[in-house]
Each structure stands twice: as structure tokens, then as C-alpha cells.
Amino acid sequence: MQHRIIVLGAGYTGAAAAGRLARRLHPADVEITLVNAAPDFVERVRMHQLAAGQDLRHRPFTEMFEGTGVRLKVAEVTGVDVDRRTVAVKGAGVKDAGADGGAERLEYDTLVYALGSGWNDRSVPGVAEHAHDVASRAGALRLRERLAGLEAGRSVVVVGGGLTGIEAATEIAESHPRLAVSLAVRGGLGDWLSEKGRGHLRKVVDGLGITVHEHTDVTGVAADRVTTADGREIGAGATVWTAGFAVHPIARSTALEVGATGQIVVDGTMRSVSHPDVYAVGDAALVMGPGGKPLRMSCASGVPTSWQAADSIAARLTGGKLPRTPLRYFNQCVSLGRRDGLIQYVTADDRAVNAALTGRLAAFYKELVCRGAAWGVANPLLGMPARRRRVVRDAARTATAADATAADVPA
């Protein structure tokens with residue numbers, strides 16, 4: 001009987017994990033099912049471009065995984081029972097299970113949980129009703145339509161001074177120079193960057209005509225304005241909310257051990273500490289990085305966790321040696337419109353150092369990073385030799401010699 005592996009979520013980390021598993025394991029021994037609510041791959045790191053009016057390449061999963069052995073299940077995940085090892089899904093393409101209201105239950109032997117994160121309104125009044133997001137394709141398209149319909153001179157307020165907020169504000173300002181773009185940040189603009197990085201960011205923002213409201217905490221959003229903690233009102237023809245992300249809520253509703261953020265607690269091999277047949281990757285996983293600090297939600301740290309999980313699963317199933325994938329930071333890549341960028345080099349635990357790359361060269365670097373991430377997902381059997389090893393009988397249900405070193409694999 002084939003070992004059933006189900007991967008939930010086909011963002012960067014889920015799709016990368018599925019493709020890597022297909023590279024590592026013999027198709028006669030495993031059944032790999034990738035479950036995703038949409039039939040196409042979404043380049044989430046480019047959603048600010050989509051919102052600003054640019055068109056992105058269409059990437060259907062049927063083409064990306066053709067010939068790999070990975071089966072695509074287009075469905076929404078509605079529940080996970082980690083004790084019975086089942087996943088409940090619903091959607092147009094699922095089998096009707098009758099009593100479950102149209103839900104279908106999929107059984108697994110190994111589960112890779114990669115449902116990731118989404119928009120976080122932080123329970124601020126009016127955000128859900130009036131603000132726009134760039135955390136999803138649907139949200140970016142709604143914002144795109146709104147921006148296109150605004151009259152010249154109308155204001156666009158981007159709330160949140162992290163990487164997403166900075167990229168959204170600069171992209172919108174460059175693509176829609178007729179609009180008045182402002183950025184509301186709780187601290188100082190780019191205050192986590194090096195002196196060189198902060199200086200360049202300020203230069204670009206000023207050059208694009210973006211008004212920055214520093215040390216501003218937005219406490220309410222209305223249809224035509226935002227309200228701040230000090231009682232000010234800032235006019236907004238459109239409000240873009242980028243103040244952080246929240247993980248998918250399903251994990252918290254299961255018996256899996258999760259942290260305060262709802263992320264699944266994992267060991268150094270990305271395996272759940274409470275349920276060894278479940279692995280979590282990307283934003284869904286609470287992963288300890290260098291210095292004992294949790295890795296922040298990002299593509300840069302998420303994709304290596306998918307490599308670690310896939311290789312760990314393959315090693316345990318085939319009786320191989322557990323891998324050690326470096327889980328650390330090298331830089332923060334920020335696009336500042338299409339013609340400028342900032343590459344802030346950082347320590348392993350994500351603290352800025354003095355070195356930074358700026359300007360057109362940085363924009364080109366960031367573009368290469370984005371293309372490389374998408375290419376790696378779209379070409380799962382290319383880029384490195386495929387070593388499809390045979391599964392050892394009952395390997396998933398018995399301890400292997402490799403597990404003895406699991407505690408030594410760094411997170």
C-alpha cells in the first residue's frame with residue numbers, strides 16, 4: 001500500500017514541499033496530494049504589483065506539477081483531525097459526503113501543514129469593513145479596482161511600516177502619480193534598517209511624494225478616513241492595511257500543540273512536537289531560529305523550512321540520514337517601485353548590519369529573487385538531481401535510527 005502524504009496549502013512553502021517530496025520519493029511507494037483552494041499558484045510577494053495595476057504571469061498547478069506524480073486537489077480545507085489522521089475539505093471538485101454537508105474526508109499517513117497566514121485586522125474598528133489588503137490575490141484585485149476608480153488628488157493611506165507596507169506605498173505612488181499616497185507607521189520610517197538603508201528609503205519616499213506619518217498608531221478606519229490614537233483624522237479615498245499577518249485558524253482548533261500566535265510548535269525537522277506524523281512549514285510553523293528567536297513570517301525563512309520538512313520526511317521513510325537545512329537570514333529584499341530597491345544585509349538572527357545595496361541594482365536583485373522563488377516552485381523536478389528512493393516498509397510507524405539525532409538538527 002502506498003504511503004499517503006497530504007500537503008495542505010500551495011503557497012511558496014506548500015508547493016515547494018510537495019515538489020521536493022516528489023523528487024525524493026519513488027512514485028510507486030507514495031501518493032502525494034496537494035490541497036489548495038485555488039487552481040493557480042499565487043506569487044504573494046508580488047501582490048503589491050498586482051494591486052498597483054500590473055499583470056502577473058498565470059501559473060496553473062496542473063502545468064507546474066505535470067509529470068511529477070503530485071496530485072492536485074482543488075478544495076478548501078475545513079478541518080483537520082490529527083487523532084484520526086483525516087482532513088475535511090469542501091468545494092466544487094470534492095466528493096459529496098452527504099452527512100458532512102458536502103465535505104469530503106481525506107486520509108493521510110503523513111501531513112504537511114502549510115496553510116500559512118493571511119490578513120490581520122488586529123480587531124481595529126472598521127478595518128474589515130473599509131480597508132483593503134495585499135495579502136491575497138482577491139484583496140489585491142479589489143484594491144486595484146478601487147485605485148483605478150479614484151479621482152486625481154484623492155488620498156491613499158497605507159497603514160503599516162513593515163516590508164509589505166513600504167512596498168505597497170512605493171509601488172502605488174510610482175504607478176499612480178495622480179494620487180496622494182501616505183504611509184502611517186507606528187515607529188520611525190525604516191527604524192530597523194541600517195543608517196544607509198534608512199537614508200535611501202527616505203530619499204525614495206520623498207522622491208515619490210509620499211507623506212509619512214511617523215509614530216502614528218491607527219485606531220480606527222472609516223470609508224473616507226483613518227483615526228489615530230492621538231485623535232487626528234487622516235483623509236483616505238482608500239486605506240491599505242498591512243499591519244501584520246495572522247496564521248490560518250484551523251491549527252488552533254486541532255489537538256496539535258500551538259504557540260500563542262496559533263503557529264504549530266515543531267522540532268528542528270519541522271515535525272510537530274505533539275503529533276509526529278504532522279509537519280508544519282512556513283508561516284504556519286513556530287520555528288526557533290538563531291539566537292533562540294522565532295523566525296518571522298516571510299518567504300525567505302519559509303521556503304527553507306519546506307526543504308527541511310520534505311527531506312526529513314523522505315529520510316524517515318527511506319531510513320536515510322536526517323538533513324540539516326540552514327534556517328537563518330541573509331538579507332531583507334525590498335522593492336521600492338519598479339526602478340529602485342533596497343537590499344539590507346542582516347545577521348543570522350535578522351539584525352541589520354551596515355552593508356546595504358540600493359538603487360537599480362537592488363531592484364534587479366529583488367526581481368531575481370522573486371523570479372527564482374517562483375521558478376523553483378514551477379519546476380519541482382529541475383534545479384537539482386532527483387533521487388527517488390524506495391520507502392522502507394512500515395517506516396512511518398516505527399522509529400528509525402535517524403530519529404536518534406533529531407534533537408540535534410538545528411531549527
# chains A, B, ... in the order shown; residues from 1 in each chain; ligands from 1

call {"tool": "residues_around", "arguments": {"residues": "range 63-69 of chain A", "least_positions_apart": "6", "cutoff": "12 Å", "atoms": "only C-alpha atoms", "output": "ChimeraX atom specification"}}
result
/A:5,10,15-16,18-34,39-41,374-382,386,388

call {"tool": "residues_around", "arguments": {"residues": "His213 in chain A", "least_positions_apart": "2", "cutoff": "10 Å", "atoms": "only C-alpha atoms", "output": "VMD selection string"}}
result
chain A and resid 157 159 161 182 to 189 210 to 211 215 to 217 234

call {"tool": "select_by_dssp", "arguments": {"residues": "range 253-404 of chain A", "states": "alpha helix (DSSP H)", "output": "ChimeraX atom specification"}}
result
/A:299-318,359-378

call {"tool": "write_last_selection", "arguments": {"atoms": "C-alpha atoms", "output": "PDB file, in the first residue's frame"}}
result
ATOM      1  CA  CYS A 299       9.165  33.707   2.130  1.00  0.00           C
ATOM      2  CA  ALA A 300      12.891  33.942   2.870  1.00  0.00           C
ATOM      3  CA  SER A 301      12.636  31.827   6.016  1.00  0.00           C
ATOM      4  CA  GLY A 302       9.590  29.792   4.961  1.00  0.00           C
ATOM      5  CA  VAL A 303      10.985  28.046   1.885  1.00  0.00           C
ATOM      6  CA  PRO A 304      13.989  26.559   3.753  1.00  0.00           C
ATOM      7  CA  THR A 305      11.555  25.093   6.303  1.00  0.00           C
ATOM      8  CA  SER A 306       9.760  23.318   3.448  1.00  0.00           C
ATOM      9  CA  TRP A 307      13.084  21.873   2.262  1.00  0.00           C
ATOM     10  CA  GLN A 308      13.856  20.709   5.798  1.00  0.00           C
ATOM     11  CA  ALA A 309      10.426  19.106   6.219  1.00  0.00           C
ATOM     12  CA  ALA A 310      10.417  17.339   2.841  1.00  0.00           C
ATOM     13  CA  ASP A 311      13.928  15.983   3.272  1.00  0.00           C
ATOM     14  CA  SER A 312      13.168  14.897   6.843  1.00  0.00           C
ATOM     15  CA  ILE A 313      10.041  13.022   5.731  1.00  0.00           C
ATOM     16  CA  ALA A 314      11.982  11.340   2.941  1.00  0.00           C
ATOM     17  CA  ALA A 315      14.799  10.388   5.299  1.00  0.00           C
ATOM     18  CA  ARG A 316      12.458   8.845   7.831  1.00  0.00           C
ATOM     19  CA  LEU A 317      10.506   6.933   5.199  1.00  0.00           C
ATOM     20  CA  THR A 318      13.580   5.585   3.462  1.00  0.00           C
ATOM     21  CA  GLY A 359      19.071  51.715  -6.380  1.00  0.00           C
ATOM     22  CA  ARG A 360      18.515  49.972  -9.696  1.00  0.00           C
ATOM     23  CA  LEU A 361      20.951  47.190  -8.881  1.00  0.00           C
ATOM     24  CA  ALA A 362      18.950  46.408  -5.734  1.00  0.00           C
ATOM     25  CA  ALA A 363      15.725  46.423  -7.769  1.00  0.00           C
ATOM     26  CA  PHE A 364      17.289  43.939 -10.208  1.00  0.00           C
ATOM     27  CA  TYR A 365      18.485  41.768  -7.293  1.00  0.00           C
ATOM     28  CA  LYS A 366      14.991  41.707  -5.788  1.00  0.00           C
ATOM     29  CA  GLU A 367      13.477  40.822  -9.149  1.00  0.00           C
ATOM     30  CA  LEU A 368      15.888  37.889  -9.488  1.00  0.00           C
ATOM     31  CA  VAL A 369      14.911  36.681  -6.006  1.00  0.00           C
ATOM     32  CA  CYS A 370      11.204  36.808  -6.890  1.00  0.00           C
ATOM     33  CA  ARG A 371      11.730  35.045 -10.193  1.00  0.00           C
ATOM     34  CA  GLY A 372      13.936  32.420  -8.583  1.00  0.00           C
ATOM     35  CA  ALA A 373      11.356  31.639  -5.899  1.00  0.00           C
ATOM     36  CA  ALA A 374       8.599  31.215  -8.492  1.00  0.00           C
ATOM     37  CA  TRP A 375      10.836  29.191 -10.809  1.00  0.00           C
ATOM     38  CA  GLY A 376      11.729  26.798  -8.004  1.00  0.00           C
ATOM     39  CA  VAL A 377       8.050  26.125  -7.340  1.00  0.00           C
ATOM     40  CA  ALA A 378       7.148  25.863 -11.031  1.00  0.00           C
TER      41      ALA A 378
END

call {"tool": "select_by_dssp", "arguments": {"residues": "range 111-155 of chain A", "states": "strand (DSSP E or B)", "output": "list in words"}}
result
Leu111, Val112, Tyr113, Ser117, Gly118, Trp119, Ala131, His132 and Ser155 of chain A

call {"tool": "atom_distance", "arguments": {"atom1": "CA of Ala246 in chain A", "atom2": "CA of Ala284 in chain A"}}
result
9.4 Å

call {"tool": "residues_around", "arguments": {"residues": "range 48-51 of chain A", "least_positions_apart": "6", "cutoff": "7 Å", "atoms": "only C-alpha atoms", "output": "PyMOL selection string"}}
result
chain A and resi 134+140-141+143-144+167-168+171

call {"tool": "residues_around", "arguments": {"residues": "Val265 in chain A", "least_positions_apart": "5", "cutoff": "12 Å", "atoms": "only C-alpha atoms", "output": "list in words"}}
result
Tyr113, Ala251, Arg252, Ala255, Leu256, Glu257, Val258, Gly259, Ala260, Met270, Arg271, Ser272, Val273, Ser274, His275, Pro276, Val278, Tyr279, Ala280, Val281, Gly282, Asp283, Ala284, Ala285, Leu286, Val287, Met288, Pro294 and Ala411 of chain A

call {"tool": "write_last_selection", "arguments": {"atoms": "C-alpha atoms", "output": "short mmCIF file (atom, residue, chain, number, x, y, z; two decimals), in the first residue's frame"}}
result
data_model
loop_
_atom_site.label_atom_id
_atom_site.label_comp_id
_atom_site.auth_asym_id
_atom_site.auth_seq_id
_atom_site.Cartn_x
_atom_site.Cartn_y
_atom_site.Cartn_z
CA TYR A 113 0.55 21.67 7.11
CA ALA A 251 -4.38 24.58 13.58
CA ARG A 252 -5.59 26.14 16.82
CA ALA A 255 -5.19 18.78 19.12
CA LEU A 256 -1.83 19.98 17.78
CA GLU A 257 0.38 21.90 20.19
CA VAL A 258 0.45 25.53 19.07
CA GLY A 259 2.07 28.69 20.37
CA ALA A 260 0.41 31.95 21.40
CA MET A 270 9.69 20.71 11.19
CA ARG A 271 7.79 17.83 12.83
CA SER A 272 5.03 18.62 15.30
CA VAL A 273 6.19 18.08 18.87
CA SER A 274 2.78 16.65 19.77
CA HIS A 275 1.91 14.61 16.66
CA PRO A 276 4.92 13.06 14.87
CA VAL A 278 2.37 16.05 11.14
CA TYR A 279 4.91 18.53 9.80
CA ALA A 280 4.40 22.30 9.62
CA VAL A 281 6.23 24.73 7.35
CA GLY A 282 6.37 28.42 6.55
CA ASP A 283 4.16 30.89 8.42
CA ALA A 284 2.18 28.01 9.96
CA ALA A 285 5.18 26.77 11.95
CA LEU A 286 6.67 28.16 15.15
CA VAL A 287 10.34 27.68 14.29
CA MET A 288 13.19 28.75 16.52
CA PRO A 294 11.26 32.60 16.37
CA ALA A 411 15.88 24.93 13.97
#

call {"tool": "closest_residue", "arguments": {"among": "A:Val181, A:Ala222, A:Ala238, A:Gly190", "to": "Lys203 in chain A", "atoms": "only C-alpha atoms"}}
result
A:Gly190

call {"tool": "atom_distance", "arguments": {"atom1": "CA of Lys293 in chain A", "atom2": "CA of Ala355 in chain A"}}
result
22.4 Å

call {"tool": "closest_residue", "arguments": {"among": "A:Thr325, A:Ser298, A:Asn36, A:Thr261", "to": "Gly14 in chain A", "atoms": "only C-alpha atoms"}}
result
A:Asn36

call {"tool": "closest_residue", "arguments": {"among": "A:Arg389, A:Arg71, A:Arg339, A:Arg324", "to": "Thr269 in chain A", "atoms": "only C-alpha atoms"}}
result
A:Arg324

call {"tool": "decode", "arguments": {"residues": "range 262-275 of chain A", "atoms": "C-alpha atoms", "output": "PDB file, in the first residue's frame"}}
result
ATOM      1  CA  GLY A 262      -1.554  29.834  16.698  1.00  0.00           C
ATOM      2  CA  GLN A 263       1.530  28.509  14.917  1.00  0.00           C
ATOM      3  CA  ILE A 264       2.298  24.794  15.235  1.00  0.00           C
ATOM      4  CA  VAL A 265       5.197  24.046  17.572  1.00  0.00           C
ATOM      5  CA  VAL A 266       7.797  21.975  15.713  1.00  0.00           C
ATOM      6  CA  ASP A 267      11.212  20.476  16.327  1.00  0.00           C
ATOM      7  CA  GLY A 268      14.297  21.075  14.195  1.00  0.00           C
ATOM      8  CA  THR A 269      12.991  18.769  11.463  1.00  0.00           C
ATOM      9  CA  MET A 270       9.688  20.713  11.193  1.00  0.00           C
ATOM     10  CA  ARG A 271       7.793  17.831  12.829  1.00  0.00           C
ATOM     11  CA  SER A 272       5.032  18.623  15.304  1.00  0.00           C
ATOM     12  CA  VAL A 273       6.191  18.079  18.871  1.00  0.00           C
ATOM     13  CA  SER A 274       2.782  16.652  19.774  1.00  0.00           C
ATOM     14  CA  HIS A 275       1.912  14.609  16.661  1.00  0.00           C
TER      15      HIS A 275
END
